[in-house]
Every structure is written in structure tokens, then in C-alpha cells.
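Everything below belongs to run.cif, which stores mmCIF, C-alpha atoms.
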```
data_final
loop_
_atom_site.group_PDB
_atom_site.id
_atom_site.type_symbol
_atom_site.label_atom_id
_atom_site.label_comp_id
_atom_site.auth_asym_id
_atom_site.auth_seq_id
_atom_site.Cartn_x
_atom_site.Cartn_y
_atom_site.Cartn_z
ATOM 1 C CA MET E 1 240.691 -58.414 113.673
ATOM 2 C CA ILE E 2 240.071 -61.119 111.114
ATOM 3 C CA ALA E 3 236.308 -61.344 111.252
ATOM 4 C CA GLN E 4 233.250 -60.563 113.322
ATOM 5 C CA LEU E 5 230.339 -62.944 113.541
ATOM 6 C CA SER E 6 227.488 -63.820 115.807
ATOM 7 C CA ILE E 7 226.790 -66.921 117.845
ATOM 8 C CA GLN E 8 223.609 -68.016 119.534
ATOM 9 C CA THR E 9 223.281 -67.688 123.321
ATOM 10 C CA PRO E 10 220.326 -68.398 125.653
ATOM 11 C CA SER E 11 219.685 -64.635 125.784
ATOM 12 C CA GLY E 12 219.973 -64.021 122.031
ATOM 13 C CA PRO E 13 222.760 -63.380 119.495
ATOM 14 C CA GLN E 14 226.255 -62.550 120.791
ATOM 15 C CA GLN E 15 228.827 -60.752 118.644
ATOM 16 C CA VAL E 16 232.245 -62.404 118.561
ATOM 17 C CA ARG E 17 235.539 -61.053 117.199
ATOM 18 C CA LEU E 18 238.024 -63.463 115.659
ATOM 19 C CA GLU E 19 241.689 -62.532 115.873
ATOM 20 C CA LEU E 20 245.131 -64.035 116.322
ATOM 21 C CA ALA E 21 246.177 -64.312 119.969
ATOM 22 C CA ARG E 22 248.605 -61.643 121.125
ATOM 23 C CA MET E 23 251.174 -61.811 123.928
ATOM 24 C CA GLY E 24 249.370 -62.346 127.211
ATOM 25 C CA ASP E 25 246.104 -63.514 125.660
ATOM 26 C CA ASP E 26 246.814 -67.061 126.828
ATOM 27 C CA ALA E 27 246.276 -65.873 130.421
ATOM 28 C CA GLU E 28 242.564 -65.781 129.607
ATOM 29 C CA LEU E 29 242.656 -69.446 128.623
ATOM 30 C CA LYS E 30 244.050 -70.385 132.024
ATOM 31 C CA LYS E 31 240.961 -68.848 133.619
ATOM 32 C CA TRP E 32 238.602 -71.290 131.878
ATOM 33 C CA LYS E 33 236.831 -73.410 134.460
ATOM 34 C CA ALA E 34 234.194 -76.088 134.167
ATOM 35 C CA PRO E 35 230.863 -74.708 135.391
ATOM 36 C CA ARG E 36 229.200 -76.371 138.372
ATOM 37 C CA HIS E 37 226.194 -77.404 136.337
ATOM 38 C CA HIS E 38 226.951 -78.979 132.976
ATOM 39 C CA SER E 39 225.040 -81.785 131.276
ATOM 40 C CA ARG E 40 228.334 -83.227 129.942
ATOM 41 C CA PRO E 41 231.080 -82.666 132.559
ATOM 42 C CA ASP E 42 233.485 -84.676 130.369
ATOM 43 C CA LEU E 43 233.132 -82.092 127.582
ATOM 44 C CA ALA E 44 233.656 -79.237 130.032
ATOM 45 C CA ALA E 45 236.837 -80.857 131.363
ATOM 46 C CA ASP E 46 238.044 -81.478 127.784
ATOM 47 C CA ALA E 47 237.559 -77.812 126.908
ATOM 48 C CA VAL E 48 239.630 -76.650 129.885
ATOM 49 C CA GLU E 49 242.418 -79.132 129.189
ATOM 50 C CA LEU E 50 242.571 -78.565 125.423
ATOM 51 C CA ALA E 51 242.670 -74.777 125.823
ATOM 52 C CA ARG E 52 245.568 -75.035 128.273
ATOM 53 C CA LEU E 53 247.452 -77.440 126.036
ATOM 54 C CA ALA E 54 246.929 -75.102 123.070
ATOM 55 C CA GLY E 55 248.337 -72.224 125.132
ATOM 56 C CA LYS E 56 251.367 -74.289 126.115
ATOM 57 C CA ARG E 57 252.052 -75.295 122.536
ATOM 58 C CA TRP E 58 251.771 -71.661 121.450
ATOM 59 C CA ARG E 59 254.235 -70.460 124.126
ATOM 60 C CA TYR E 60 256.652 -73.217 123.093
ATOM 61 C CA TYR E 61 256.541 -72.014 119.458
ATOM 62 C CA LEU E 62 256.885 -68.355 120.518
ATOM 63 C CA ARG E 63 260.025 -69.170 122.541
ATOM 64 C CA ARG E 64 261.532 -70.734 119.408
ATOM 65 C CA ASN E 65 260.492 -67.707 117.326
ATOM 66 C CA GLU E 66 258.197 -69.991 115.324
ATOM 67 C CA GLY E 67 254.939 -68.435 116.490
ATOM 68 C CA ALA E 68 252.892 -65.483 115.245
ATOM 69 C CA THR E 69 250.864 -62.990 117.274
ATOM 70 C CA SER E 70 249.193 -61.197 114.363
ATOM 71 C CA LEU E 71 248.193 -61.870 110.781
ATOM 72 C CA GLU E 72 250.857 -59.393 109.643
ATOM 73 C CA GLU E 73 253.564 -61.259 111.570
ATOM 74 C CA LEU E 74 252.336 -64.582 110.219
ATOM 75 C CA LEU E 75 252.588 -63.312 106.647
ATOM 76 C CA GLU E 76 255.959 -61.642 107.242
ATOM 77 C CA LYS E 77 257.457 -64.838 108.642
ATOM 78 C CA THR E 78 256.087 -67.084 105.926
ATOM 79 C CA THR E 79 257.195 -64.655 103.202
ATOM 80 C CA ALA E 80 260.698 -64.394 104.687
ATOM 81 C CA ASN E 81 261.023 -68.161 104.856
ATOM 82 C CA PRO E 82 258.455 -69.925 102.643
ATOM 83 C CA THR E 83 259.225 -73.377 104.067
ATOM 84 C CA SER E 84 259.007 -72.398 107.721
ATOM 85 C CA GLU E 85 256.526 -73.897 110.142
ATOM 86 C CA ILE E 86 254.716 -71.135 112.025
ATOM 87 C CA GLY E 87 252.116 -71.668 114.726
ATOM 88 C CA PHE E 88 249.348 -69.343 115.863
ATOM 89 C CA ILE E 89 246.232 -69.280 117.984
ATOM 90 C CA LEU E 90 242.948 -68.071 116.550
ATOM 91 C CA MET E 91 240.881 -66.637 119.367
ATOM 92 C CA ALA E 92 237.206 -65.820 119.601
ATOM 93 C CA LYS E 93 236.687 -62.803 121.843
ATOM 94 C CA ALA E 94 233.298 -61.690 123.043
ATOM 95 C CA VAL E 95 232.094 -58.223 122.060
ATOM 96 C CA GLY E 96 230.337 -56.796 125.114
ATOM 97 C CA GLU E 97 229.260 -58.770 128.147
ATOM 98 C CA SER E 98 229.621 -62.519 128.095
ATOM 99 C CA VAL E 99 230.322 -65.578 130.279
ATOM 100 C CA SER E 100 234.020 -65.128 129.452
ATOM 101 C CA PRO E 101 236.080 -62.616 127.446
ATOM 102 C CA THR E 102 237.454 -65.547 125.401
ATOM 103 C CA LEU E 103 234.869 -67.930 124.002
ATOM 104 C CA GLY E 104 236.881 -70.210 121.758
ATOM 105 C CA VAL E 105 240.384 -71.064 120.681
ATOM 106 C CA ALA E 106 242.040 -72.877 117.774
ATOM 107 C CA TRP E 107 245.738 -73.719 117.647
ATOM 108 C CA CYS E 108 246.999 -74.052 114.065
ATOM 109 C CA ARG E 109 250.319 -74.668 112.370
ATOM 110 C CA ARG E 110 251.228 -73.490 108.900
ATOM 111 C CA THR E 111 253.396 -76.289 107.565
ATOM 112 C CA TRP E 112 256.508 -76.190 105.352
ATOM 113 C CA CYS E 113 254.379 -76.814 102.223
ATOM 114 C CA ASN E 114 251.833 -74.080 103.094
ATOM 115 C CA HIS E 115 249.037 -76.206 104.480
ATOM 116 C CA LEU E 116 247.276 -75.529 107.772
ATOM 117 C CA VAL E 117 247.086 -78.159 110.489
ATOM 118 C CA LEU E 118 244.444 -77.731 113.146
ATOM 119 C CA ASP E 119 245.853 -79.353 116.283
ATOM 120 C CA PHE E 120 243.496 -77.984 118.917
ATOM 121 C CA LEU E 121 240.025 -76.512 118.788
ATOM 122 C CA ALA E 122 238.223 -75.815 122.050
ATOM 123 C CA VAL E 123 235.073 -73.951 122.943
ATOM 124 C CA HIS E 124 234.585 -72.393 126.396
ATOM 125 C CA PRO E 125 233.031 -74.989 128.739
ATOM 126 C CA ALA E 126 229.955 -72.837 129.274
ATOM 127 C CA LEU E 127 229.338 -72.892 125.514
ATOM 128 C CA ASN E 128 229.774 -76.600 124.844
ATOM 129 C CA ASP E 129 226.897 -77.839 126.971
ATOM 130 C CA PRO E 130 224.463 -79.465 124.498
ATOM 131 C CA VAL E 131 221.506 -78.159 126.533
ATOM 132 C CA GLY E 132 223.082 -74.829 127.495
ATOM 133 C CA GLY E 133 221.568 -72.871 124.611
ATOM 134 C CA TYR E 134 224.890 -71.710 123.115
ATOM 135 C CA LYS E 135 225.469 -72.527 119.453
ATOM 136 C CA GLY E 136 227.905 -71.752 116.689
ATOM 137 C CA MET E 137 231.275 -71.029 118.309
ATOM 138 C CA GLY E 138 233.070 -74.000 116.781
ATOM 139 C CA PHE E 139 231.607 -73.293 113.362
ATOM 140 C CA GLY E 140 232.626 -69.638 113.712
ATOM 141 C CA LEU E 141 236.198 -70.595 114.571
ATOM 142 C CA PHE E 142 236.373 -72.787 111.490
ATOM 143 C CA ILE E 143 235.224 -69.880 109.317
ATOM 144 C CA GLY E 144 238.082 -67.873 110.848
ATOM 145 C CA ILE E 145 240.540 -70.629 109.960
ATOM 146 C CA ALA E 146 239.257 -70.570 106.368
ATOM 147 C CA VAL E 147 239.855 -66.795 106.263
ATOM 148 C CA VAL E 148 243.431 -67.151 107.560
ATOM 149 C CA ALA E 149 244.025 -69.919 105.004
ATOM 150 C CA GLU E 150 242.979 -67.538 102.214
ATOM 151 C CA LYS E 151 245.328 -64.804 103.480
ATOM 152 C CA LEU E 152 248.186 -67.330 103.431
ATOM 153 C CA GLY E 153 247.246 -68.633 99.981
ATOM 154 C CA CYS E 154 246.802 -72.024 101.574
ATOM 155 C CA HIS E 155 244.535 -74.563 99.859
ATOM 156 C CA LEU E 156 244.292 -77.276 102.475
ATOM 157 C CA VAL E 157 243.376 -77.442 106.146
ATOM 158 C CA TRP E 158 243.642 -80.805 107.839
ATOM 159 C CA GLY E 159 243.341 -82.227 111.300
ATOM 160 C CA GLU E 160 242.673 -85.227 113.468
ATOM 161 C CA ALA E 161 239.030 -85.799 114.331
ATOM 162 C CA THR E 162 237.943 -87.491 117.524
ATOM 163 C CA GLU E 163 235.125 -89.968 118.036
ATOM 164 C CA SER E 164 232.847 -87.189 119.284
ATOM 165 C CA SER E 165 233.802 -84.530 116.715
ATOM 166 C CA CYS E 166 233.938 -86.582 113.496
ATOM 167 C CA THR E 167 230.185 -86.112 112.855
ATOM 168 C CA PHE E 168 230.530 -82.318 113.026
ATOM 169 C CA TYR E 169 233.369 -82.302 110.473
ATOM 170 C CA GLN E 170 231.510 -84.772 108.270
ATOM 171 C CA LYS E 171 228.503 -82.427 108.135
ATOM 172 C CA LEU E 172 230.780 -79.439 107.582
ATOM 173 C CA LEU E 173 232.224 -81.251 104.573
ATOM 174 C CA GLY E 174 228.756 -81.808 103.144
ATOM 175 C CA GLY E 175 228.508 -85.448 104.150
ATOM 176 C CA THR E 176 231.957 -86.668 103.079
ATOM 177 C CA PRO E 177 232.714 -89.529 105.483
ATOM 178 C CA VAL E 178 235.135 -88.508 108.243
ATOM 179 C CA LEU E 179 236.791 -90.947 110.643
ATOM 180 C CA ASP E 180 239.949 -89.907 112.487
ATOM 181 C CA HIS E 181 241.129 -87.254 110.015
ATOM 182 C CA PHE E 182 239.633 -84.543 107.821
ATOM 183 C CA PHE E 183 240.790 -82.556 104.816
ATOM 184 C CA PHE E 184 239.247 -79.219 103.865
ATOM 185 C CA GLY E 185 240.264 -78.422 100.310
ATOM 186 C CA ALA E 186 239.940 -75.147 98.402
ATOM 187 C CA GLU E 187 236.253 -75.653 97.599
ATOM 188 C CA ALA E 188 235.209 -76.419 101.186
ATOM 189 C CA LEU E 189 237.239 -73.447 102.477
ATOM 190 C CA ASP E 190 235.611 -71.134 99.906
ATOM 191 C CA ALA E 191 232.150 -72.249 101.029
ATOM 192 C CA LEU E 192 233.018 -71.318 104.620
ATOM 193 C CA ARG E 193 234.430 -67.926 103.658
ATOM 194 C CA ARG E 194 231.343 -67.095 101.621
ATOM 195 C CA GLU E 195 229.382 -66.994 104.891
ATOM 196 C CA LEU E 196 230.997 -63.629 105.691
ATOM 197 C CA PRO E 197 231.145 -60.637 103.332
ATOM 198 C CA LEU E 198 233.935 -58.067 103.455
ATOM 199 C CA ARG E 199 233.288 -54.960 105.532
ATOM 200 C CA SER E 200 233.822 -52.720 102.457
ATOM 201 C CA LYS E 201 230.954 -54.458 100.674
ATOM 202 C CA LEU E 202 228.601 -53.400 103.452
ATOM 203 C CA LYS E 203 229.355 -49.681 103.128
ATOM 204 C CA PRO E 204 228.259 -47.390 100.278
ATOM 205 C CA LYS E 205 231.181 -46.467 98.017
ATOM 206 C CA SER E 206 232.658 -43.093 98.909
ATOM 207 C CA GLN E 207 233.009 -40.502 96.161
ATOM 208 C CA PRO E 208 236.585 -39.462 95.251
ATOM 209 C CA MET U 1 249.983 -45.902 119.273
ATOM 210 C CA LYS U 2 247.807 -48.776 118.169
ATOM 211 C CA LYS U 3 248.819 -50.262 114.841
ATOM 212 C CA ALA U 4 246.135 -49.950 112.194
ATOM 213 C CA ASP U 5 244.583 -53.112 110.805
ATOM 214 C CA THR U 6 246.183 -53.948 107.476
ATOM 215 C CA PHE U 7 243.564 -56.517 106.614
ATOM 216 C CA GLU U 8 239.977 -55.845 105.968
ATOM 217 C CA PRO U 9 237.855 -57.840 108.387
ATOM 218 C CA LEU U 10 234.880 -59.893 107.321
ATOM 219 C CA ILE U 11 231.572 -59.148 108.986
ATOM 220 C CA GLN U 12 228.619 -61.477 109.278
ATOM 221 C CA THR U 13 225.433 -59.802 108.161
ATOM 222 C CA HIS U 14 222.953 -62.655 108.127
ATOM 223 C CA VAL U 15 222.617 -66.224 109.335
ATOM 224 C CA SER U 16 222.269 -68.626 106.421
ATOM 225 C CA ASP U 17 220.256 -71.836 106.514
ATOM 226 C CA TRP U 18 223.487 -73.818 106.339
ATOM 227 C CA MET U 19 224.851 -71.910 109.329
ATOM 228 C CA ARG U 20 221.694 -72.603 111.334
ATOM 229 C CA GLU U 21 221.888 -76.270 110.400
ATOM 230 C CA MET U 22 225.539 -76.425 111.481
ATOM 231 C CA TRP U 23 224.678 -74.749 114.788
ATOM 232 C CA GLU U 24 222.260 -77.579 115.519
ATOM 233 C CA VAL U 25 224.830 -80.185 114.504
ATOM 234 C CA GLU U 26 227.435 -78.500 116.706
ATOM 235 C CA ALA U 27 225.102 -78.508 119.707
ATOM 236 C CA GLN U 28 224.838 -82.303 119.463
ATOM 237 C CA HIS U 29 228.327 -83.105 118.168
ATOM 238 C CA PRO U 30 230.978 -80.829 119.698
ATOM 239 C CA PRO U 31 233.746 -79.898 117.258
ATOM 240 C CA MET U 32 236.502 -79.881 119.869
ATOM 241 C CA ILE U 33 239.691 -81.641 118.859
ATOM 242 C CA GLY U 34 243.166 -82.032 120.283
ATOM 243 C CA SER U 35 245.736 -84.616 121.111
ATOM 244 C CA ARG U 36 246.785 -85.136 124.695
ATOM 245 C CA LEU U 37 250.270 -86.087 123.586
ATOM 246 C CA LYS U 38 252.327 -83.964 125.933
ATOM 247 C CA LEU U 39 255.786 -84.781 124.634
ATOM 248 C CA ALA U 40 258.009 -81.792 123.889
ATOM 249 C CA LEU U 41 255.709 -79.471 125.783
ATOM 250 C CA TRP U 42 257.406 -79.395 129.117
ATOM 251 C CA GLY U 43 260.972 -78.543 128.172
ATOM 252 C CA PRO U 44 263.967 -80.828 128.649
ATOM 253 C CA LEU U 45 263.438 -84.238 130.154
ATOM 254 C CA PRO U 46 264.977 -84.971 133.604
ATOM 255 C CA ARG U 47 268.616 -85.970 133.464
ATOM 256 C CA ALA U 48 269.148 -89.707 133.272
ATOM 257 C CA LYS U 49 271.090 -91.301 136.123
ATOM 258 C CA LYS U 50 274.601 -92.468 135.358
ATOM 259 C CA PRO U 51 274.683 -96.183 134.707
ATOM 260 C CA LYS U 52 276.047 -98.031 137.710
ATOM 261 C CA SER U 53 277.694 -100.555 135.458
ATOM 262 C CA ALA U 54 280.365 -98.003 134.425
ATOM 263 C CA LYS U 55 282.352 -98.598 137.624
ATOM 264 C CA LYS U 56 282.043 -102.344 137.281
ATOM 265 C CA VAL U 57 283.336 -102.202 133.736
ATOM 266 C CA ALA U 58 286.296 -100.063 134.825
ATOM 267 C CA LYS U 59 287.124 -102.508 137.642
ATOM 268 C CA THR U 60 286.949 -105.492 135.303
ATOM 269 C CA VAL U 61 289.272 -103.771 132.847
ATOM 270 C CA LYS U 62 291.738 -102.940 135.666
ATOM 271 C CA ARG U 63 291.719 -106.516 136.962
ATOM 272 C CA ALA U 64 292.292 -107.901 133.499
ATOM 273 C CA ALA U 65 295.206 -105.520 133.028
ATOM 274 C CA ALA U 66 296.705 -106.514 136.419
ATOM 275 C CA LYS U 67 296.538 -110.219 135.529
ATOM 276 C CA LYS U 68 298.507 -109.591 132.371
#
```
Take the structure in this file and express it as C-alpha cells.
Amino acid sequence: MIAQLSIQTPSGPQQVRLELARMGDDAELKKWKAPRHHSRPDLAADAVELARLAGKRWRYYLRRNEGATSLEELLEKTTANPTSEIGFILMAKAVGESVSPTLGVAWCRRTWCNHLVLDFLAVHPALNDPVGGYKGMGFGLFIGIAVVAEKLGCHLVWGEATESSCTFYQKLLGGTPVLDHFFFGAEALDALRRELPLRSKLKPKSQP
Amino acid sequence: MKKADTFEPLIQTHVSDWMREMWEVEAQHPPMIGSRLKLALWGPLPRAKKPKSAKKVAKTVKRAAAKK
């Protein structure tokens, strides 16, 4: 597990675990379906399609031995070959009961010069309804990406923003104008990571 | 046996004002991104048909040789 955070649901806070997708986890993405009632059916359809495309891209990289299924594997591969491109999926898994075991997904590539490219980010269709009462999954996934970037010693995360998502990334960057691309530098990534303290800092220090 | 976590996970303990603000932004402006470019996702492309002109070229060459 990389991190644990909470998102808002209509029935209160929901705990979510962020981790790198393991073999077979993509099967959960194939189960995503647009709910019957959704105020923005286009967004629901986008979520289903983007999650499936992310899964396909991941399987393609795994077949070429250019994918990672754990943080340890990701670090091993990048240490063994510092200029290699390695892809991975960051998954948000629900802790306890939820509309789906997998609530969000982000497909990232670590590039040859140790930057992270975010190619796909999708939130479960039940969670991306603006009037559905769910909030925070996308933001949570981005915090997870910032944590992975730190583990890799990576100082830049970039991606292609869409017409509908550019406002979110602009706000996340503190108002820096965003059109069809965004760059999260070291400072912006640090700000995201600061939202979550380390588990050890929550526990009282044990006596030797 | 399950492999032990090497990395220490981060745990959210409180919801900051910034986080709450971003939740509201996210509800109105979904952060989903992704290109629908499907090239190189489906494996090898279907085999191209042999050009029909190959036979014609061979015939033309043969005829030219016969004339000589």
C-alpha cells in the first residue's frame, strides 16, 4: 500500500487504499459500468472507456516486461536500468463496502529521464456524477502519484489536460493557467504529499 | 506467504481546507484525462494484401525481354 485516504460519499467518509495494480487487478476495471441514472452520461461513458484503455496499455507494457506491479518492482526496474520506460497503474481500492471494489485508476509512465507522465486518470462512473455526492477520488489519486514520484526521486509529473479537466488541474496548481497540458514540479508535488503524514508519525515512539 | 510492505504508507488524518476546496472543484470539473489514440494497443496490424501490380510488372519485363 502506498497511502490511505478518505473520500466523501453521500453516506459519509469512505476510506480508500492507494496501491499499484497487481496481476489480475485489471479484471475489476472491466466490470465498470455506467449507472442507469447519471446526470452526465457522457462522463460515465468516458470513465468506463478510459479505465479499459488504461488496462489495455498496462497489459501491453507487462507483455514487453516494461510494466510494474508493485512499488518494489518499479524501483528495482528503474535502478537496474535508469533510462528505462516503465509503466504502472495506480489503483484506488475501497476499504469496506462500496459501490465498487475499485474506485479510481491512473495509468502512468516513468520516462527515460525520470519524469512521470500521466496518460489516463479515471474515476468510477458512480463517483464522477457532479450531483452524486461523491467527492475527492481524483484529488486522492493525484496525491498518490505525488507519493510515487517522491519514491522514484522524480521531480516532474506532466500530462495532457482535456477541455473538461483543465480547470481542475489549474486549481490544483494554485491558479497557474492550464490549457491542454500541465506540469507539476517539485514544489507542487511536495504540497500534495504534505496532505498525508507518514504512518510512523501517528504512532507513539516505541522504547528500545 | 504475503510479502511485507517495504514502504511506509501515508495515512490521511484530517481533511484540510485546501482538500475540501479541491473536492468542490472536482465535483464540478472532473479530473479525468486520457487519449483515445488506440494505435499500438491491439497488437500487429492486419497483413497488407500483395500488390496486384507485381504480376503486371513481371509480364511487362518478360515481354520486353522476348522482344529483344
Output check: residues returned by the PyMOL selection byres ((chain U) within 6 of (chain E)), as a PyMOL selection string: chain U and resi 9-12+23+27-34
May I have the selected residues written with C-alpha atoms, as a short mmCIF file (atom, residue, chain, number, x, y, z; two decimals), in the frame of the given file?
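Written out: again_14.cif:
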```
data_model
loop_
_atom_site.label_atom_id
_atom_site.label_comp_id
_atom_site.auth_asym_id
_atom_site.auth_seq_id
_atom_site.Cartn_x
_atom_site.Cartn_y
_atom_site.Cartn_z
CA PRO U 9 237.86 -57.84 108.39
CA LEU U 10 234.88 -59.89 107.32
CA ILE U 11 231.57 -59.15 108.99
CA GLN U 12 228.62 -61.48 109.28
CA TRP U 23 224.68 -74.75 114.79
CA ALA U 27 225.10 -78.51 119.71
CA GLN U 28 224.84 -82.30 119.46
CA HIS U 29 228.33 -83.10 118.17
CA PRO U 30 230.98 -80.83 119.70
CA PRO U 31 233.75 -79.90 117.26
CA MET U 32 236.50 -79.88 119.87
CA ILE U 33 239.69 -81.64 118.86
CA GLY U 34 243.17 -82.03 120.28
#
```
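Interatomic distance, CA of Met23 (chain E) to CA of Leu62 (chain E): 9.3 Å.
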If you measure from CA of Pro125 (chain E) to CA of Ala92 (chain E), what distance in Å do you get, rounded to one decimal?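 CA of Pro125 (chain E) sits 13.6 Å away from CA of Ala92 (chain E).
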Which residues come within 6 Å of region 81-87 of chain E, counting only C-alpha atoms, excluding same-chain residues fewer than 5 positions away, as a VMD selection string? chain E and resid 66 to 67 108 to 112
Rounded to one decimal, what separation in Å do you get between CA of Ala146 (chain E) and CA of Ala191 (chain E)?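 Separation between CA of Ala146 (chain E) and CA of Ala191 (chain E): 9.0 Å.
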At a cut-off of 9 Å, using all atoms listed in the file, what residues contact Ala34 (chain E)? Leave out same-chain residues fewer than 3 positions from it and give the result as a PyMOL selection string. chain E and resi 37-38+41+43-45+47-48+124-126
Return region 23-32 of chain U, completed with all heavy atoms, as an mmCIF file, keeping the file's coordinate frame.
```cif
data_model
loop_
_atom_site.group_PDB
_atom_site.id
_atom_site.type_symbol
_atom_site.label_atom_id
_atom_site.label_comp_id
_atom_site.auth_asym_id
_atom_site.auth_seq_id
_atom_site.Cartn_x
_atom_site.Cartn_y
_atom_site.Cartn_z
ATOM 1 N N TRP U 23 224.811 -75.071 113.352
ATOM 2 C CA TRP U 23 224.678 -74.749 114.788
ATOM 3 C C TRP U 23 224.013 -75.906 115.527
ATOM 4 O O TRP U 23 224.415 -76.284 116.613
ATOM 5 C CB TRP U 23 223.832 -73.483 114.980
ATOM 6 C CG TRP U 23 224.553 -72.212 114.665
ATOM 7 C CD1 TRP U 23 225.834 -72.068 114.222
ATOM 8 C CD2 TRP U 23 224.020 -70.883 114.795
ATOM 9 N NE1 TRP U 23 226.129 -70.741 114.047
ATOM 10 C CE2 TRP U 23 225.036 -69.995 114.387
ATOM 11 C CE3 TRP U 23 222.796 -70.362 115.181
ATOM 12 C CZ2 TRP U 23 224.872 -68.611 114.377
ATOM 13 C CZ3 TRP U 23 222.627 -68.987 115.183
ATOM 14 C CH2 TRP U 23 223.650 -68.119 114.785
ATOM 15 N N GLU U 24 222.974 -76.453 114.893
ATOM 16 C CA GLU U 24 222.260 -77.579 115.519
ATOM 17 C C GLU U 24 223.147 -78.815 115.593
ATOM 18 O O GLU U 24 223.146 -79.530 116.592
ATOM 19 C CB GLU U 24 220.969 -77.903 114.732
ATOM 20 C CG GLU U 24 219.942 -76.783 114.734
ATOM 21 C CD GLU U 24 219.602 -76.265 116.132
ATOM 22 O OE1 GLU U 24 219.482 -77.079 117.059
ATOM 23 O OE2 GLU U 24 219.490 -75.029 116.287
ATOM 24 N N VAL U 25 223.908 -79.039 114.516
ATOM 25 C CA VAL U 25 224.830 -80.185 114.504
ATOM 26 C C VAL U 25 225.865 -80.007 115.613
ATOM 27 O O VAL U 25 226.169 -80.931 116.379
ATOM 28 C CB VAL U 25 225.543 -80.303 113.127
ATOM 29 C CG1 VAL U 25 226.630 -81.366 113.165
ATOM 30 C CG2 VAL U 25 224.541 -80.613 112.032
ATOM 31 N N GLU U 26 226.393 -78.786 115.715
ATOM 32 C CA GLU U 26 227.435 -78.500 116.706
ATOM 33 C C GLU U 26 226.928 -78.709 118.133
ATOM 34 O O GLU U 26 227.660 -79.181 119.003
ATOM 35 C CB GLU U 26 227.935 -77.060 116.525
ATOM 36 C CG GLU U 26 229.117 -76.743 117.419
ATOM 37 C CD GLU U 26 229.633 -75.322 117.246
ATOM 38 O OE1 GLU U 26 229.443 -74.738 116.159
ATOM 39 O OE2 GLU U 26 230.224 -74.808 118.197
ATOM 40 N N ALA U 27 225.661 -78.354 118.362
ATOM 41 C CA ALA U 27 225.102 -78.508 119.707
ATOM 42 C C ALA U 27 225.068 -79.982 120.123
ATOM 43 O O ALA U 27 225.213 -80.302 121.300
ATOM 44 C CB ALA U 27 223.703 -77.908 119.754
ATOM 45 N N GLN U 28 224.904 -80.863 119.150
ATOM 46 C CA GLN U 28 224.838 -82.303 119.463
ATOM 47 C C GLN U 28 226.187 -82.998 119.316
ATOM 48 O O GLN U 28 226.448 -83.997 119.976
ATOM 49 C CB GLN U 28 223.806 -82.985 118.549
ATOM 50 C CG GLN U 28 222.383 -82.489 118.743
ATOM 51 C CD GLN U 28 221.944 -82.461 120.196
ATOM 52 O OE1 GLN U 28 222.153 -83.426 120.934
ATOM 53 N NE2 GLN U 28 221.372 -81.347 120.636
ATOM 54 N N HIS U 29 227.022 -82.482 118.423
ATOM 55 C CA HIS U 29 228.327 -83.105 118.168
ATOM 56 C C HIS U 29 229.418 -82.052 118.298
ATOM 57 O O HIS U 29 229.739 -81.372 117.327
ATOM 58 C CB HIS U 29 228.366 -83.726 116.763
ATOM 59 C CG HIS U 29 227.260 -84.689 116.514
ATOM 60 N ND1 HIS U 29 227.275 -85.983 116.970
ATOM 61 C CD2 HIS U 29 226.065 -84.525 115.894
ATOM 62 C CE1 HIS U 29 226.156 -86.582 116.624
ATOM 63 N NE2 HIS U 29 225.402 -85.717 115.965
ATOM 64 N N PRO U 30 229.990 -81.892 119.481
ATOM 65 C CA PRO U 30 230.978 -80.829 119.698
ATOM 66 C C PRO U 30 232.189 -80.963 118.781
ATOM 67 O O PRO U 30 232.664 -82.081 118.561
ATOM 68 C CB PRO U 30 231.382 -81.002 121.165
ATOM 69 C CG PRO U 30 230.768 -82.251 121.630
ATOM 70 C CD PRO U 30 229.741 -82.689 120.663
ATOM 71 N N PRO U 31 232.650 -79.837 118.221
ATOM 72 C CA PRO U 31 233.746 -79.898 117.258
ATOM 73 C C PRO U 31 235.140 -79.919 117.890
ATOM 74 O O PRO U 31 236.138 -79.848 117.189
ATOM 75 C CB PRO U 31 233.553 -78.590 116.476
ATOM 76 C CG PRO U 31 232.944 -77.656 117.456
ATOM 77 C CD PRO U 31 232.137 -78.480 118.400
ATOM 78 N N MET U 32 235.199 -80.003 119.205
ATOM 79 C CA MET U 32 236.502 -79.881 119.869
ATOM 80 C C MET U 32 237.441 -81.019 119.474
ATOM 81 O O MET U 32 237.049 -82.178 119.444
ATOM 82 C CB MET U 32 236.319 -79.871 121.378
ATOM 83 C CG MET U 32 235.565 -78.649 121.846
ATOM 84 S SD MET U 32 235.785 -78.357 123.583
ATOM 85 C CE MET U 32 235.202 -79.877 124.266
#
```
